[in-house]
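**Q** Structure supplied as model-v1.pdb; contents: PDB, C-alpha atoms, pLDDT in the B column.
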```
MODEL        1
ATOM      1  CA  MET G   1    -111.261  16.585  62.013  1.00 37.00           C
ATOM      2  CA  GLN G   2    -112.736  18.857  64.673  1.00 39.00           C
ATOM      3  CA  SER G   3    -115.014  16.100  65.948  1.00 39.00           C
ATOM      4  CA  ASN G   4    -112.035  13.743  66.316  1.00 40.00           C
ATOM      5  CA  ILE G   5    -110.168  16.356  68.358  1.00 42.00           C
ATOM      6  CA  LYS G   6    -113.120  16.760  70.705  1.00 46.00           C
ATOM      7  CA  GLU G   7    -113.522  13.013  71.066  1.00 52.00           C
ATOM      8  CA  ASP G   8    -109.840  12.260  71.675  1.00 69.00           C
ATOM      9  CA  ASP G   9    -109.088  15.299  73.821  1.00 79.00           C
ATOM     10  CA  PRO G  10    -112.357  16.632  75.250  1.00 87.00           C
ATOM     11  CA  ILE G  11    -112.837  20.072  76.726  1.00 90.00           C
ATOM     12  CA  LEU G  12    -113.306  20.061  80.517  1.00 89.00           C
ATOM     13  CA  THR G  13    -114.923  22.534  82.895  1.00 91.00           C
ATOM     14  CA  THR G  14    -113.315  23.536  86.201  1.00 89.00           C
ATOM     15  CA  SER G  15    -115.681  21.260  88.147  1.00 88.00           C
ATOM     16  CA  GLU G  16    -114.822  18.290  85.908  1.00 87.00           C
ATOM     17  CA  VAL G  17    -111.107  18.936  86.416  1.00 84.00           C
ATOM     18  CA  ALA G  18    -111.662  19.194  90.168  1.00 80.00           C
ATOM     19  CA  ARG G  19    -113.294  15.750  90.215  1.00 78.00           C
ATOM     20  CA  LEU G  20    -110.419  14.251  88.238  1.00 76.00           C
ATOM     21  CA  LEU G  21    -107.763  15.726  90.525  1.00 72.00           C
ATOM     22  CA  GLY G  22    -109.657  15.320  93.775  1.00 67.00           C
ATOM     23  CA  VAL G  23    -109.419  18.979  94.780  1.00 71.00           C
ATOM     24  CA  ALA G  24    -111.856  21.870  95.197  1.00 75.00           C
ATOM     25  CA  THR G  25    -113.192  23.679  92.128  1.00 81.00           C
ATOM     26  CA  SER G  26    -111.850  26.954  93.515  1.00 77.00           C
ATOM     27  CA  THR G  27    -108.370  25.410  93.648  1.00 76.00           C
ATOM     28  CA  VAL G  28    -108.599  24.402  89.986  1.00 80.00           C
ATOM     29  CA  GLN G  29    -109.662  27.954  89.163  1.00 80.00           C
ATOM     30  CA  ILE G  30    -106.537  29.279  90.892  1.00 77.00           C
ATOM     31  CA  TRP G  31    -104.310  26.786  89.056  1.00 76.00           C
ATOM     32  CA  MET G  32    -105.836  27.768  85.717  1.00 81.00           C
ATOM     33  CA  GLU G  33    -105.519  31.494  86.329  1.00 78.00           C
ATOM     34  CA  SER G  34    -101.896  31.136  87.465  1.00 70.00           C
ATOM     35  CA  GLY G  35    -100.993  29.028  84.419  1.00 72.00           C
ATOM     36  CA  ALA G  36    -100.330  25.839  86.402  1.00 71.00           C
ATOM     37  CA  ILE G  37    -103.022  24.255  84.205  1.00 81.00           C
ATOM     38  CA  GLU G  38    -103.099  25.599  80.661  1.00 83.00           C
ATOM     39  CA  SER G  39    -106.582  26.952  79.948  1.00 89.00           C
ATOM     40  CA  TRP G  40    -108.617  29.615  78.181  1.00 91.00           C
ATOM     41  CA  LYS G  41    -111.696  31.711  78.867  1.00 90.00           C
ATOM     42  CA  THR G  42    -114.995  31.255  77.058  1.00 90.00           C
ATOM     43  CA  PRO G  43    -116.950  34.311  75.848  1.00 89.00           C
ATOM     44  CA  GLY G  44    -119.002  33.935  79.022  1.00 85.00           C
ATOM     45  CA  GLY G  45    -115.866  34.225  81.189  1.00 86.00           C
ATOM     46  CA  HIS G  46    -115.625  30.555  82.246  1.00 89.00           C
ATOM     47  CA  ARG G  47    -112.324  28.667  82.283  1.00 90.00           C
ATOM     48  CA  ARG G  48    -111.900  25.590  80.109  1.00 91.00           C
ATOM     49  CA  THR G  49    -109.046  23.178  79.449  1.00 91.00           C
ATOM     50  CA  ARG G  50    -108.323  19.950  77.553  1.00 88.00           C
ATOM     51  CA  LEU G  51    -108.145  16.497  79.108  1.00 84.00           C
ATOM     52  CA  SER G  52    -104.559  16.141  77.882  1.00 79.00           C
ATOM     53  CA  MET G  53    -103.529  19.179  79.938  1.00 78.00           C
ATOM     54  CA  VAL G  54    -104.942  17.625  83.092  1.00 77.00           C
ATOM     55  CA  GLN G  55    -103.489  14.194  82.331  1.00 70.00           C
ATOM     56  CA  GLY G  56    -100.059  15.744  81.955  1.00 60.00           C
ATOM     57  CA  LEU G  57    -100.447  17.314  85.377  1.00 59.00           C
ATOM     58  CA  MET G  58    -101.597  14.038  86.914  1.00 56.00           C
ATOM     59  CA  HIS G  59     -98.814  11.985  85.365  1.00 49.00           C
ATOM     60  CA  GLY G  60     -96.271  14.463  86.692  1.00 46.00           C
ATOM     61  CA  GLU G  61     -97.861  14.094  90.159  1.00 46.00           C
ATOM     62  CA  GLU G  62     -97.901  17.893  90.405  1.00 48.00           C
ATOM     63  CA  ALA G  63    -101.498  18.027  91.557  1.00 47.00           C
ATOM     64  CA  ARG G  64    -100.818  15.689  94.469  1.00 46.00           C
ATOM     65  CA  ASN G  65     -97.718  17.708  95.408  1.00 57.00           C
ATOM     66  CA  THR G  66     -99.561  21.023  95.383  1.00 68.00           C
ATOM     67  CA  PRO G  67    -101.228  22.093  98.635  1.00 73.00           C
ATOM     68  CA  ASP G  68    -104.945  22.792  98.548  1.00 71.00           C
ATOM     69  CA  PRO G  69    -105.398  26.375  99.824  1.00 69.00           C
ATOM     70  CA  ASN G  70    -108.949  25.527 100.878  1.00 67.00           C
ATOM     71  CA  THR G  71    -107.908  22.786 103.306  1.00 73.00           C
ATOM     72  CA  ASP G  72    -104.223  23.352 104.206  1.00 84.00           C
ATOM     73  CA  PRO G  73    -104.033  25.692 107.237  1.00 87.00           C
ATOM     74  CA  GLU G  74    -100.598  26.899 106.172  1.00 92.00           C
ATOM     75  CA  TYR G  75    -102.246  28.604 103.189  1.00 92.00           C
ATOM     76  CA  GLN G  76    -105.119  30.122 105.160  1.00 91.00           C
ATOM     77  CA  PRO G  77    -104.688  33.718 106.435  1.00 92.00           C
ATOM     78  CA  ALA G  78    -103.640  33.791 110.075  1.00 91.00           C
ATOM     79  CA  GLN G  79    -106.087  35.056 112.666  1.00 90.00           C
ATOM     80  CA  ASP G  80    -104.723  38.205 114.369  1.00 92.00           C
ATOM     81  CA  PRO G  81    -101.206  37.821 112.911  1.00 94.00           C
ATOM     82  CA  ASN G  82     -98.209  39.451 114.595  1.00 93.00           C
ATOM     83  CA  TYR G  83     -96.914  40.576 111.219  1.00 96.00           C
ATOM     84  CA  PRO G  84     -98.206  42.914 108.494  1.00 96.00           C
ATOM     85  CA  VAL G  85    -100.231  41.304 105.704  1.00 95.00           C
ATOM     86  CA  PRO G  86    -101.270  42.489 102.243  1.00 93.00           C
ATOM     87  CA  SER G  87    -104.932  43.348 101.771  1.00 90.00           C
ATOM     88  CA  ASN G  88    -105.212  40.346  99.411  1.00 89.00           C
ATOM     89  CA  GLU G  89    -103.404  37.855 101.672  1.00 93.00           C
ATOM     90  CA  ARG G  90    -105.886  35.062 100.959  1.00 90.00           C
ATOM     91  CA  ALA G  91    -105.313  35.330  97.185  1.00 90.00           C
ATOM     92  CA  ARG G  92    -101.556  35.649  97.733  1.00 92.00           C
ATOM     93  CA  LEU G  93    -101.448  32.450  99.792  1.00 92.00           C
ATOM     94  CA  ALA G  94    -103.565  30.623  97.214  1.00 89.00           C
ATOM     95  CA  ALA G  95    -101.148  31.711  94.489  1.00 90.00           C
ATOM     96  CA  LEU G  96     -98.209  30.511  96.591  1.00 92.00           C
ATOM     97  CA  ALA G  97     -99.882  27.139  97.091  1.00 91.00           C
ATOM     98  CA  SER G  98    -100.511  26.781  93.360  1.00 85.00           C
ATOM     99  CA  SER G  99     -96.869  27.579  92.565  1.00 89.00           C
ATOM    100  CA  GLY G 100     -95.726  24.322  94.189  1.00 89.00           C
ATOM    101  CA  LEU G 101     -92.499  26.025  95.269  1.00 94.00           C
ATOM    102  CA  VAL G 102     -92.668  25.664  99.049  1.00 95.00           C
ATOM    103  CA  ASP G 103     -90.790  22.578 100.287  1.00 94.00           C
ATOM    104  CA  SER G 104     -89.579  21.869  96.749  1.00 93.00           C
ATOM    105  CA  ALA G 105     -86.100  20.581  95.950  1.00 93.00           C
ATOM    106  CA  GLU G 106     -83.089  22.841  95.471  1.00 94.00           C
ATOM    107  CA  GLU G 107     -82.707  24.221  91.951  1.00 95.00           C
ATOM    108  CA  ALA G 108     -79.572  25.607  90.343  1.00 96.00           C
ATOM    109  CA  ARG G 109     -81.501  28.440  88.636  1.00 95.00           C
ATOM    110  CA  PHE G 110     -82.406  29.925  92.033  1.00 97.00           C
ATOM    111  CA  ASP G 111     -79.115  29.034  93.723  1.00 97.00           C
ATOM    112  CA  ARG G 112     -77.274  31.085  91.090  1.00 97.00           C
ATOM    113  CA  VAL G 113     -79.419  34.124  91.822  1.00 98.00           C
ATOM    114  CA  VAL G 114     -78.660  34.169  95.563  1.00 98.00           C
ATOM    115  CA  ARG G 115     -74.943  33.603  94.968  1.00 98.00           C
ATOM    116  CA  LEU G 116     -74.871  36.561  92.615  1.00 98.00           C
ATOM    117  CA  ALA G 117     -76.954  38.706  94.979  1.00 98.00           C
ATOM    118  CA  SER G 118     -74.474  38.023  97.769  1.00 98.00           C
ATOM    119  CA  MET G 119     -71.514  38.830  95.516  1.00 98.00           C
ATOM    120  CA  VAL G 120     -72.784  42.010  93.863  1.00 97.00           C
ATOM    121  CA  THR G 121     -73.905  43.574  97.163  1.00 98.00           C
ATOM    122  CA  GLY G 122     -71.060  42.265  99.337  1.00 97.00           C
ATOM    123  CA  SER G 123     -73.596  40.707 101.689  1.00 98.00           C
ATOM    124  CA  PRO G 124     -72.793  37.553 103.691  1.00 98.00           C
ATOM    125  CA  ILE G 125     -76.389  36.331 103.467  1.00 98.00           C
ATOM    126  CA  ALA G 126     -78.725  36.201 100.458  1.00 98.00           C
ATOM    127  CA  LEU G 127     -82.075  34.425 100.306  1.00 98.00           C
ATOM    128  CA  ILE G 128     -85.056  33.677  98.126  1.00 98.00           C
ATOM    129  CA  SER G 129     -87.834  33.482 100.702  1.00 98.00           C
ATOM    130  CA  LEU G 130     -91.430  32.303 100.321  1.00 98.00           C
ATOM    131  CA  LEU G 131     -94.048  33.333 102.880  1.00 98.00           C
ATOM    132  CA  THR G 132     -96.815  30.997 104.008  1.00 97.00           C
ATOM    133  CA  SER G 133     -99.102  32.057 106.855  1.00 96.00           C
ATOM    134  CA  THR G 134     -96.885  30.310 109.428  1.00 96.00           C
ATOM    135  CA  ARG G 135     -93.305  30.457 108.149  1.00 97.00           C
ATOM    136  CA  GLN G 136     -90.839  31.903 105.727  1.00 97.00           C
ATOM    137  CA  TRP G 137     -89.220  29.091 103.796  1.00 98.00           C
ATOM    138  CA  PHE G 138     -86.025  29.598 101.814  1.00 98.00           C
ATOM    139  CA  LYS G 139     -86.074  28.270  98.269  1.00 98.00           C
ATOM    140  CA  ALA G 140     -82.415  29.243  97.927  1.00 98.00           C
ATOM    141  CA  ARG G 141     -79.920  30.561 100.449  1.00 98.00           C
ATOM    142  CA  VAL G 142     -76.306  31.604 100.938  1.00 98.00           C
ATOM    143  CA  GLY G 143     -74.728  32.203 104.342  1.00 97.00           C
ATOM    144  CA  LEU G 144     -77.647  30.921 106.446  1.00 97.00           C
ATOM    145  CA  PRO G 145     -77.927  27.271 107.542  1.00 95.00           C
ATOM    146  CA  ALA G 146     -81.609  27.467 108.541  1.00 95.00           C
ATOM    147  CA  GLN G 147     -84.129  26.318 105.905  1.00 97.00           C
ATOM    148  CA  GLU G 148     -86.973  28.362 107.412  1.00 97.00           C
ATOM    149  CA  THR G 149     -88.028  30.670 110.246  1.00 97.00           C
ATOM    150  CA  PRO G 150     -91.422  31.586 111.743  1.00 97.00           C
ATOM    151  CA  ARG G 151     -93.438  34.075 109.680  1.00 97.00           C
ATOM    152  CA  ASP G 152     -93.594  36.309 112.775  1.00 96.00           C
ATOM    153  CA  TRP G 153     -89.858  36.913 112.431  1.00 97.00           C
ATOM    154  CA  ALA G 154     -89.832  37.644 108.696  1.00 98.00           C
ATOM    155  CA  PHE G 155     -88.507  41.020 107.570  1.00 98.00           C
ATOM    156  CA  CYS G 156     -89.885  39.862 104.220  1.00 98.00           C
ATOM    157  CA  SER G 157     -93.456  40.292 105.502  1.00 98.00           C
ATOM    158  CA  HIS G 158     -92.776  44.021 105.327  1.00 98.00           C
ATOM    159  CA  ALA G 159     -90.959  43.794 101.993  1.00 98.00           C
ATOM    160  CA  ILE G 160     -93.858  42.141 100.120  1.00 97.00           C
ATOM    161  CA  LEU G 161     -96.024  45.181 100.907  1.00 97.00           C
ATOM    162  CA  GLN G 162     -93.754  47.316  98.722  1.00 93.00           C
ATOM    163  CA  ASN G 163     -93.610  47.757  94.968  1.00 90.00           C
ATOM    164  CA  GLU G 164     -89.824  47.549  94.756  1.00 88.00           C
ATOM    165  CA  LEU G 165     -87.009  47.664  97.296  1.00 97.00           C
ATOM    166  CA  PHE G 166     -87.523  47.584 101.074  1.00 98.00           C
ATOM    167  CA  VAL G 167     -84.470  48.524 103.144  1.00 98.00           C
ATOM    168  CA  VAL G 168     -83.622  48.452 106.859  1.00 98.00           C
ATOM    169  CA  GLU G 169     -80.246  50.108 107.337  1.00 98.00           C
ATOM    170  CA  ASP G 170     -79.923  49.377 111.068  1.00 98.00           C
ATOM    171  CA  ALA G 171     -82.403  46.959 112.629  1.00 98.00           C
ATOM    172  CA  LEU G 172     -81.381  47.934 116.179  1.00 97.00           C
ATOM    173  CA  GLU G 173     -82.523  51.480 115.454  1.00 97.00           C
ATOM    174  CA  ASP G 174     -85.857  50.373 113.956  1.00 97.00           C
ATOM    175  CA  GLU G 175     -88.664  49.806 116.467  1.00 96.00           C
ATOM    176  CA  ARG G 176     -90.285  47.273 114.126  1.00 96.00           C
ATOM    177  CA  PHE G 177     -87.287  44.952 114.293  1.00 98.00           C
ATOM    178  CA  ARG G 178     -85.047  45.684 117.278  1.00 96.00           C
ATOM    179  CA  ALA G 179     -86.682  42.971 119.443  1.00 97.00           C
ATOM    180  CA  ASN G 180     -86.816  40.414 116.603  1.00 97.00           C
ATOM    181  CA  PRO G 181     -85.072  37.115 117.534  1.00 97.00           C
ATOM    182  CA  LEU G 182     -83.155  37.272 114.233  1.00 97.00           C
ATOM    183  CA  VAL G 183     -81.740  40.624 115.393  1.00 98.00           C
ATOM    184  CA  GLN G 184     -81.142  39.727 119.032  1.00 97.00           C
ATOM    185  CA  GLN G 185     -79.701  36.296 118.229  1.00 95.00           C
ATOM    186  CA  ASP G 186     -77.925  34.560 115.349  1.00 95.00           C
ATOM    187  CA  PRO G 187     -77.676  35.648 112.529  1.00 96.00           C
ATOM    188  CA  ASN G 188     -77.730  39.078 114.282  1.00 97.00           C
ATOM    189  CA  ILE G 189     -79.342  40.969 111.428  1.00 98.00           C
ATOM    190  CA  ARG G 190     -78.498  44.644 111.236  1.00 98.00           C
ATOM    191  CA  PHE G 191     -78.998  45.405 107.535  1.00 98.00           C
ATOM    192  CA  TYR G 192     -81.743  44.031 105.291  1.00 98.00           C
ATOM    193  CA  ALA G 193     -82.776  44.774 101.703  1.00 98.00           C
ATOM    194  CA  GLY G 194     -85.549  42.823  99.973  1.00 98.00           C
ATOM    195  CA  VAL G 195     -87.382  42.935  96.645  1.00 98.00           C
ATOM    196  CA  PRO G 196     -90.814  41.291  96.199  1.00 98.00           C
ATOM    197  CA  LEU G 197     -90.958  38.333  93.810  1.00 98.00           C
ATOM    198  CA  ARG G 198     -94.290  38.200  91.962  1.00 95.00           C
ATOM    199  CA  ASP G 199     -96.034  35.492  89.987  1.00 91.00           C
ATOM    200  CA  LYS G 200     -97.805  35.989  86.654  1.00 86.00           C
ATOM    201  CA  SER G 201    -100.878  37.429  88.358  1.00 83.00           C
ATOM    202  CA  GLY G 202     -98.795  39.971  90.273  1.00 90.00           C
ATOM    203  CA  GLN G 203     -99.022  38.268  93.667  1.00 91.00           C
ATOM    204  CA  PRO G 204     -95.881  38.679  95.834  1.00 96.00           C
ATOM    205  CA  LEU G 205     -94.944  35.126  96.834  1.00 97.00           C
ATOM    206  CA  GLY G 206     -91.801  36.158  98.707  1.00 98.00           C
ATOM    207  CA  THR G 207     -88.598  38.101  98.183  1.00 98.00           C
ATOM    208  CA  LEU G 208     -85.038  38.125  97.026  1.00 98.00           C
ATOM    209  CA  CYS G 209     -83.202  39.651  99.968  1.00 98.00           C
ATOM    210  CA  VAL G 210     -79.679  40.327 101.205  1.00 98.00           C
ATOM    211  CA  ILE G 211     -78.652  40.593 104.858  1.00 98.00           C
ATOM    212  CA  ASP G 212     -75.606  41.897 106.713  1.00 98.00           C
ATOM    213  CA  ARG G 213     -74.514  41.755 110.328  1.00 98.00           C
ATOM    214  CA  GLU G 214     -73.395  45.382 110.242  1.00 98.00           C
ATOM    215  CA  PRO G 215     -75.479  48.538 109.594  1.00 98.00           C
ATOM    216  CA  ARG G 216     -74.921  49.816 106.057  1.00 97.00           C
ATOM    217  CA  ARG G 217     -76.369  51.313 102.914  1.00 97.00           C
ATOM    218  CA  LEU G 218     -76.446  50.023  99.352  1.00 97.00           C
ATOM    219  CA  ARG G 219     -74.773  51.979  96.587  1.00 97.00           C
ATOM    220  CA  ALA G 220     -76.869  52.846  93.541  1.00 97.00           C
ATOM    221  CA  SER G 221     -75.106  50.153  91.476  1.00 97.00           C
ATOM    222  CA  GLU G 222     -75.838  47.539  94.162  1.00 98.00           C
ATOM    223  CA  VAL G 223     -79.500  48.523  94.255  1.00 97.00           C
ATOM    224  CA  GLN G 224     -79.788  48.160  90.485  1.00 97.00           C
ATOM    225  CA  SER G 225     -78.033  44.787  90.530  1.00 97.00           C
ATOM    226  CA  LEU G 226     -80.378  43.515  93.234  1.00 98.00           C
ATOM    227  CA  LEU G 227     -83.430  44.714  91.287  1.00 97.00           C
ATOM    228  CA  ASP G 228     -82.123  43.034  88.123  1.00 97.00           C
ATOM    229  CA  LEU G 229     -81.536  39.737  89.927  1.00 98.00           C
ATOM    230  CA  ALA G 230     -84.995  39.920  91.487  1.00 98.00           C
ATOM    231  CA  GLU G 231     -86.486  40.278  88.012  1.00 97.00           C
ATOM    232  CA  ILE G 232     -84.570  37.196  86.896  1.00 97.00           C
ATOM    233  CA  ALA G 233     -85.824  35.244  89.917  1.00 97.00           C
ATOM    234  CA  ALA G 234     -89.414  36.375  89.294  1.00 96.00           C
ATOM    235  CA  ASN G 235     -89.156  35.293  85.657  1.00 94.00           C
ATOM    236  CA  GLU G 236     -88.032  31.860  86.830  1.00 94.00           C
ATOM    237  CA  ILE G 237     -90.981  31.666  89.237  1.00 92.00           C
ATOM    238  CA  GLN G 238     -93.307  32.577  86.367  1.00 87.00           C
ATOM    239  CA  ALA G 239     -91.804  29.955  84.045  1.00 82.00           C
ATOM    240  CA  PRO G 240     -94.229  27.136  83.137  1.00 60.00           C
ATOM    241  CA  SER G 241     -92.088  24.339  84.533  1.00 52.00           C
ATOM    242  CA  ARG G 242     -92.731  23.508  88.165  1.00 48.00           C
ATOM    243  CA  PRO G 243     -90.323  21.916  90.667  1.00 45.00           C
ATOM    244  CA  SER G 244     -90.525  18.479  92.206  1.00 48.00           C
ATOM    245  CA  ARG G 245     -90.823  18.128  95.969  1.00 52.00           C
ATOM    246  CA  HIS G 246     -88.488  16.394  98.380  1.00 52.00           C
TER     247      HIS G 246
ENDMDL
END
```
Show how you would write the structure in this file as structure tokens.

**A**
Amino acid sequence: MQSNIKEDDPILTTSEVARLLGVATSTVQIWMESGAIESWKTPGGHRRTRLSMVQGLMHGEEARNTPDPNTDPEYQPAQDPNYPVPSNERARLAALASSGLVDSAEEARFDRVVRLASMVTGSPIALISLLTSTRQWFKARVGLPAQETPRDWAFCSHAILQNELFVVEDALEDERFRANPLVQQDPNIRFYAGVPLRDKSGQPLGTLCVIDREPRRLRASEVQSLLDLAEIAANEIQAPSRPSRH
């Protein structure tokens, strides 16, 4: 029985998977560690998977839809960025690439979260943002027509450096943000509160955030609601199913 299993569904190394998918071995390693490809570790610490796992990925076209962090400049750390970056920005960007979320289609499970975040905090704008090296792209949004903005403008670049909630009560009074185009022009941000959204490996891919055009503070109940919704959004990001792209 065991020999039949090996013959019908052989075990593959990371380099063998890379050849099948046409990507770098390091990319396969990232996909395996993030759970995008189901795998296990050998006693020697090497990743292995079954051919059926890779075939399922190929048939779903997920591998072709997933950026390669080794070749796509959007998932390479920026040189001399005008925004703060985590110490592990390269690994964070690789994890974001492997998630397949950026530029993916709208999904009701994320749309519900931003609607609720807007309602429970009384904020006109709520977003699930994802941060590449060049832009912040909104997986879900309420109250903002733009699908993305430059990474240089992203309040969320500061939020992903935190463990929990990052708050700006009045952007005009904060030297980090007062000259930001999103403050000086539409949507005229004054208040911002964002919670990092992490994948299974703990990498902050982006945030759940709420925005207001007036300076304000969140009540304790609003803070807790936002944290709860961020946990729901993170759980959805960590779910094994992956979205299709436009």

**Q** Quick check, in Å to one decimal: how far apart do atom CA of Ala18 of chain G and atom CA of Gly45 of chain G lie?

**A**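 Atom-to-atom, atom CA of Ala18 of chain G to atom CA of Gly45 of chain G, that is 18.0 Å.
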
**Q** Give me the residues within 8 Å of Asp170 of chain G as a PyMOL selection string, counting only C-alpha atoms and dropping any in the same chain fewer than 6 places off.

**A** chain G and resi 190-191+214-216

**Q** By how many Å are atom CA of Trp137 of chain G and atom CA of Ala159 of chain G apart?

**A**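 Calculated distance between atom CA of Trp137 of chain G and atom CA of Ala159 of chain G is 14.9 Å.
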
**Q** With all atoms listed in the file as the atoms that count, which of G:Val102, G:Leu226, G:Val210, G:Val85 lies nearest to Glu164 of chain G?

**A**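 Of G:Val102, G:Leu226, G:Val210, G:Val85, the one nearest Glu164 of chain G, counting all atoms listed in the file, is G:Leu226.
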
**Q** Restricting the calculation to all atoms listed in the file, which member of G:Ser118, G:Thr134, G:Thr149, G:Gln162 is positioned closest to Pro181 of chain G?

**A**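 Among G:Ser118, G:Thr134, G:Thr149, G:Gln162, it is G:Thr149 that comes nearest to Pro181 of chain G.
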
**Q** Have segment 29-46 of chain G completed to N, CA and C atoms, please, and pass it along as a PDB file, in the frame of the given file.

**A**
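Contents of result00.pdb, freshly written:
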```
ATOM      1  N   GLN G  29    -109.572  26.614  89.729  1.00 80.00           N
ATOM      2  CA  GLN G  29    -109.662  27.954  89.163  1.00 80.00           C
ATOM      3  C   GLN G  29    -108.363  28.717  89.386  1.00 80.00           C
ATOM      4  N   ILE G  30    -107.804  28.613  90.588  1.00 77.00           N
ATOM      5  CA  ILE G  30    -106.537  29.279  90.892  1.00 77.00           C
ATOM      6  C   ILE G  30    -105.423  28.731  90.018  1.00 77.00           C
ATOM      7  N   TRP G  31    -105.359  27.395  89.865  1.00 76.00           N
ATOM      8  CA  TRP G  31    -104.310  26.786  89.056  1.00 76.00           C
ATOM      9  C   TRP G  31    -104.416  27.228  87.602  1.00 76.00           C
ATOM     10  N   MET G  32    -105.655  27.328  87.100  1.00 81.00           N
ATOM     11  CA  MET G  32    -105.836  27.768  85.717  1.00 81.00           C
ATOM     12  C   MET G  32    -105.419  29.224  85.540  1.00 81.00           C
ATOM     13  N   GLU G  33    -105.825  30.071  86.464  1.00 78.00           N
ATOM     14  CA  GLU G  33    -105.519  31.494  86.329  1.00 78.00           C
ATOM     15  C   GLU G  33    -104.027  31.770  86.482  1.00 78.00           C
ATOM     16  N   SER G  34    -103.333  30.941  87.276  1.00 70.00           N
ATOM     17  CA  SER G  34    -101.896  31.136  87.465  1.00 70.00           C
ATOM     18  C   SER G  34    -101.072  30.500  86.355  1.00 70.00           C
ATOM     19  N   GLY G  35    -101.716  29.696  85.496  1.00 72.00           N
ATOM     20  CA  GLY G  35    -100.993  29.028  84.419  1.00 72.00           C
ATOM     21  C   GLY G  35    -100.494  27.646  84.768  1.00 72.00           C
ATOM     22  N   ALA G  36    -100.752  27.185  86.024  1.00 71.00           N
ATOM     23  CA  ALA G  36    -100.330  25.839  86.402  1.00 71.00           C
ATOM     24  C   ALA G  36    -101.042  24.787  85.554  1.00 71.00           C
ATOM     25  N   ILE G  37    -102.294  25.058  85.188  1.00 81.00           N
ATOM     26  CA  ILE G  37    -103.022  24.255  84.205  1.00 81.00           C
ATOM     27  C   ILE G  37    -103.322  25.160  83.021  1.00 81.00           C
ATOM     28  N   GLU G  38    -102.860  24.786  81.853  1.00 83.00           N
ATOM     29  CA  GLU G  38    -103.099  25.599  80.661  1.00 83.00           C
ATOM     30  C   GLU G  38    -104.602  25.628  80.361  1.00 83.00           C
ATOM     31  N   SER G  39    -105.141  26.821  80.132  1.00 89.00           N
ATOM     32  CA  SER G  39    -106.582  26.952  79.948  1.00 89.00           C
ATOM     33  C   SER G  39    -106.885  28.202  79.132  1.00 89.00           C
ATOM     34  N   TRP G  40    -108.160  28.406  78.856  1.00 91.00           N
ATOM     35  CA  TRP G  40    -108.617  29.615  78.181  1.00 91.00           C
ATOM     36  C   TRP G  40    -109.981  29.990  78.729  1.00 91.00           C
ATOM     37  N   LYS G  41    -110.395  31.228  78.431  1.00 90.00           N
ATOM     38  CA  LYS G  41    -111.696  31.711  78.867  1.00 90.00           C
ATOM     39  C   LYS G  41    -112.698  31.651  77.723  1.00 90.00           C
ATOM     40  N   THR G  42    -113.906  31.225  78.034  1.00 90.00           N
ATOM     41  CA  THR G  42    -114.995  31.255  77.058  1.00 90.00           C
ATOM     42  C   THR G  42    -115.533  32.676  76.960  1.00 90.00           C
ATOM     43  N   PRO G  43    -116.334  32.979  75.930  1.00 89.00           N
ATOM     44  CA  PRO G  43    -116.950  34.311  75.848  1.00 89.00           C
ATOM     45  C   PRO G  43    -117.754  34.679  77.094  1.00 89.00           C
ATOM     46  N   GLY G  44    -118.249  33.675  77.798  1.00 85.00           N
ATOM     47  CA  GLY G  44    -119.002  33.935  79.022  1.00 85.00           C
ATOM     48  C   GLY G  44    -118.129  34.110  80.254  1.00 85.00           C
ATOM     49  N   GLY G  45    -116.790  34.011  80.079  1.00 86.00           N
ATOM     50  CA  GLY G  45    -115.866  34.225  81.189  1.00 86.00           C
ATOM     51  C   GLY G  45    -115.539  32.994  82.002  1.00 86.00           C
ATOM     52  N   HIS G  46    -115.902  31.797  81.521  1.00 89.00           N
ATOM     53  CA  HIS G  46    -115.625  30.555  82.246  1.00 89.00           C
ATOM     54  C   HIS G  46    -114.319  29.935  81.736  1.00 89.00           C
TER      55      HIS G  46
END
```
